[in-house]
Amino acid sequence: VQLVESGGDLVQAGGSLRLSCAASGFTFDDYAIGWFRQAPGKEREGVSCISSSDATTHYADFVEGRFTISSDNAKNMVYLQMNSLKPEDTAVYYCAIAYLCGTHYLHWGQGTEVTVSS
């Protein structure tokens with residue numbers, strides 16, 4: 001199993017980024033893909049999750065409609081479109097797979113860094 005995140009960058013507050021998670025080594029349609037983040041000095045927290053089989057999505061409350069998760073099953077890719085970014089969104093963002101959203105996550109990527117300047 002391999003999960004590779006990309007798309008992290010330095011962006012000004014109010015800006016947008018699209019993170020990508022390239023997945024390989026497993027049957028994509030059988031799993032859910034989640035996005036998590038960890039800010040410096042803070043615990044990791046869940047951001048969003050999508051079920052690859054039916055595209056059901058879940059979001060953390062703090063997303064407040066600013067982020068959109070999507071998947072391209074033909075390419076084994078999951079995306080996180082982040083709009084209206086805030087300095088508090090600064091973190092390393094990880095993707096991970098689980099059988100179902102909200103259950104134990106089995107494999108993790110290495111992360112991509114997002115920095116939002118004020």
# chains A, B, ... in the order shown; residues from 1 in each chain; ligands from 1

call {"tool": "select_by_dssp", "arguments": {"residues": "range 3-108 of chain A", "states": "strand (DSSP E)", "output": "PyMOL selection string"}}
result
chain A and resi 3-6+10-12+17-24+32-38+45-51+57-59+67-72+77-82+91-98+105-108

call {"tool": "residues_around", "arguments": {"residues": "Ala23 in chain A", "least_positions_apart": "5", "cutoff": "10 Å", "atoms": "only C-alpha atoms", "output": "MDAnalysis selection string"}}
result
chainID A and resid 1:5 28 33 73 75:78 95:97 109

call {"tool": "closest_atom_pairs", "arguments": {"of": "range 79-114 of chain A", "to": "range 47-53 of chain A", "cutoff": "9 Å", "atoms": "only C-alpha atoms", "output": "tab-separated table"}}
result
residue	atom	partner	partner_atom	distance
A:Leu80	CA	A:Ser48	CA	8.3
A:Tyr93	CA	A:Val47	CA	8.9
A:Tyr99	CA	A:Ser51	CA	8.6
A:Leu100	CA	A:Ser51	CA	6.9
A:Cys101	CA	A:Cys49	CA	5.9
A:Gly102	CA	A:Cys49	CA	8.0

call {"tool": "closest_residue", "arguments": {"among": "A:Ser20, A:Thr115, A:Thr56, A:Ser6", "to": "Pro40 in chain A", "atoms": "only C-alpha atoms"}}
result
A:Thr115

call {"tool": "closest_residue", "arguments": {"among": "A:Asp29, A:Asp54, A:Glu45, A:Asp61", "to": "Ala98 in chain A", "atoms": "only C-alpha atoms"}}
result
A:Asp29

call {"tool": "closest_residue", "arguments": {"among": "A:Arg44, A:Ile69, A:Ala39, A:Asp30", "to": "Thr90 in chain A", "atoms": "only C-alpha atoms"}}
result
A:Ala39

call {"tool": "residues_around", "arguments": {"residues": "Met82 in chain A", "least_positions_apart": "4", "cutoff": "6 Å", "atoms": "only C-alpha atoms", "output": "PyMOL selection string"}}
result
chain A and resi 16-18+67

call {"tool": "write_last_selection", "arguments": {"atoms": "N, CA, C and O atoms", "output": "PDB file, in the first residue's frame"}}
result
ATOM      1  N   SER A  16      -6.611  29.497  -1.767  1.00  0.00           N
ATOM      2  CA  SER A  16      -7.074  28.125  -1.992  1.00  0.00           C
ATOM      3  C   SER A  16      -5.910  27.207  -2.333  1.00  0.00           C
ATOM      4  O   SER A  16      -4.891  27.650  -2.872  1.00  0.00           O
ATOM      5  N   LEU A  17      -6.084  25.948  -2.007  1.00  0.00           N
ATOM      6  CA  LEU A  17      -5.150  24.904  -2.397  1.00  0.00           C
ATOM      7  C   LEU A  17      -5.941  23.646  -2.694  1.00  0.00           C
ATOM      8  O   LEU A  17      -7.011  23.423  -2.113  1.00  0.00           O
ATOM      9  N   ARG A  18      -5.390  22.827  -3.564  1.00  0.00           N
ATOM     10  CA  ARG A  18      -5.954  21.503  -3.779  1.00  0.00           C
ATOM     11  C   ARG A  18      -4.902  20.460  -3.453  1.00  0.00           C
ATOM     12  O   ARG A  18      -3.847  20.413  -4.099  1.00  0.00           O
ATOM     13  N   PHE A  67     -14.009  23.286   2.549  1.00  0.00           N
ATOM     14  CA  PHE A  67     -13.254  22.220   1.900  1.00  0.00           C
ATOM     15  C   PHE A  67     -14.203  21.265   1.191  1.00  0.00           C
ATOM     16  O   PHE A  67     -15.336  21.040   1.640  1.00  0.00           O
TER      17      PHE A  67
END

call {"tool": "residues_around", "arguments": {"residues": "Gln12 in chain A", "least_positions_apart": "3", "cutoff": "6 Å", "atoms": "only C-alpha atoms", "output": "list in words"}}
result
Gly15, Val116 and Ser117 of chain A

call {"tool": "residues_around", "arguments": {"residues": "Glu64 in chain A", "least_positions_apart": "4", "cutoff": "12 Å", "atoms": "only C-alpha atoms", "output": "ChimeraX atom specification"}}
result
/A:47-48,58-60,68,82-86

call {"tool": "write_last_selection", "arguments": {"atoms": "all heavy atoms", "output": "short mmCIF file (atom, residue, chain, number, x, y, z; two decimals), in the first residue's frame"}}
result
data_model
loop_
_atom_site.label_atom_id
_atom_site.label_comp_id
_atom_site.auth_asym_id
_atom_site.auth_seq_id
_atom_site.Cartn_x
_atom_site.Cartn_y
_atom_site.Cartn_z
N VAL A 47 -10.09 15.65 9.12
CA VAL A 47 -10.58 16.77 8.32
C VAL A 47 -11.79 16.34 7.49
O VAL A 47 -12.84 16.99 7.53
CB VAL A 47 -9.48 17.30 7.39
CG1 VAL A 47 -10.02 18.42 6.52
CG2 VAL A 47 -8.28 17.77 8.20
N SER A 48 -11.62 15.26 6.77
CA SER A 48 -12.68 14.83 5.86
C SER A 48 -12.44 13.38 5.47
O SER A 48 -11.34 12.85 5.66
CB SER A 48 -12.69 15.71 4.60
OG SER A 48 -13.76 15.37 3.74
N HIS A 58 -17.74 13.01 4.50
CA HIS A 58 -17.86 13.48 5.87
C HIS A 58 -16.86 14.61 6.07
O HIS A 58 -15.77 14.59 5.50
CB HIS A 58 -17.55 12.35 6.86
CG HIS A 58 -18.37 11.13 6.65
ND1 HIS A 58 -19.56 10.90 7.30
CD2 HIS A 58 -18.18 10.05 5.84
CE1 HIS A 58 -20.05 9.73 6.92
NE2 HIS A 58 -19.24 9.19 6.03
N TYR A 59 -17.24 15.57 6.90
CA TYR A 59 -16.37 16.70 7.17
C TYR A 59 -16.36 17.02 8.65
O TYR A 59 -17.37 16.89 9.35
CB TYR A 59 -16.84 17.94 6.40
CG TYR A 59 -16.77 17.81 4.91
CD1 TYR A 59 -17.88 17.39 4.19
CD2 TYR A 59 -15.59 18.09 4.22
CE1 TYR A 59 -17.81 17.26 2.80
CE2 TYR A 59 -15.51 17.96 2.85
CZ TYR A 59 -16.63 17.54 2.14
OH TYR A 59 -16.56 17.41 0.78
N ALA A 60 -15.21 17.49 9.12
CA ALA A 60 -15.13 18.00 10.47
C ALA A 60 -15.89 19.33 10.55
O ALA A 60 -16.01 20.05 9.55
CB ALA A 60 -13.67 18.20 10.86
N THR A 68 -13.72 20.66 0.12
CA THR A 68 -14.49 19.65 -0.60
C THR A 68 -13.59 18.47 -0.91
O THR A 68 -12.52 18.64 -1.51
CB THR A 68 -15.05 20.20 -1.92
OG1 THR A 68 -15.88 21.34 -1.65
CG2 THR A 68 -15.89 19.14 -2.62
N MET A 82 -9.39 23.06 -0.85
CA MET A 82 -9.49 23.91 0.34
C MET A 82 -9.59 25.35 -0.10
O MET A 82 -8.67 25.88 -0.75
CB MET A 82 -8.28 23.69 1.25
CG MET A 82 -8.07 22.24 1.64
SD MET A 82 -6.81 22.02 2.91
CE MET A 82 -5.36 22.60 2.05
N ASN A 83 -10.69 25.98 0.25
CA ASN A 83 -10.92 27.38 -0.08
C ASN A 83 -11.00 28.21 1.20
O ASN A 83 -11.16 27.67 2.30
CB ASN A 83 -12.21 27.53 -0.87
CG ASN A 83 -12.18 26.78 -2.19
OD1 ASN A 83 -11.14 26.66 -2.84
ND2 ASN A 83 -13.32 26.24 -2.59
N SER A 84 -10.91 29.50 1.05
CA SER A 84 -11.02 30.42 2.19
C SER A 84 -10.12 29.98 3.34
O SER A 84 -10.54 29.92 4.50
CB SER A 84 -12.48 30.50 2.67
OG SER A 84 -13.33 30.91 1.62
N LEU A 85 -8.89 29.69 3.01
CA LEU A 85 -7.96 29.18 4.01
C LEU A 85 -7.68 30.21 5.09
O LEU A 85 -7.63 31.43 4.83
CB LEU A 85 -6.67 28.73 3.35
CG LEU A 85 -6.78 27.38 2.62
CD1 LEU A 85 -5.63 27.21 1.64
CD2 LEU A 85 -6.81 26.24 3.63
N LYS A 86 -7.49 29.72 6.30
CA LYS A 86 -7.21 30.54 7.46
C LYS A 86 -5.84 30.16 8.02
O LYS A 86 -5.38 29.03 7.83
CB LYS A 86 -8.27 30.30 8.53
CG LYS A 86 -9.70 30.50 8.07
CD LYS A 86 -10.68 30.10 9.17
CE LYS A 86 -12.12 30.24 8.71
NZ LYS A 86 -13.08 29.84 9.77
#

call {"tool": "select_by_dssp", "arguments": {"residues": "range 35-113 of chain A", "states": "helix (DSSP H, G or I)", "output": "list in words"}}
result
Asp61, Phe62, Val63, Pro87, Glu88 and Asp89 of chain A

call {"tool": "closest_residue", "arguments": {"among": "A:Trp35, A:Gly41, A:Gly14, A:Thr27", "to": "Arg66 in chain A", "atoms": "only C-alpha atoms"}}
result
A:Gly14

call {"tool": "atom_distance", "arguments": {"atom1": "CA of Gly65 in chain A", "atom2": "CA of Ser24 in chain A"}}
result
28.9 Å

call {"tool": "atom_distance", "arguments": {"atom1": "CA of Gln110 in chain A", "atom2": "CA of Cys21 in chain A"}}
result
10.4 Å

call {"tool": "atom_distance", "arguments": {"atom1": "CA of Thr57 in chain A", "atom2": "CA of Glu43 in chain A"}}
result
22.6 Å
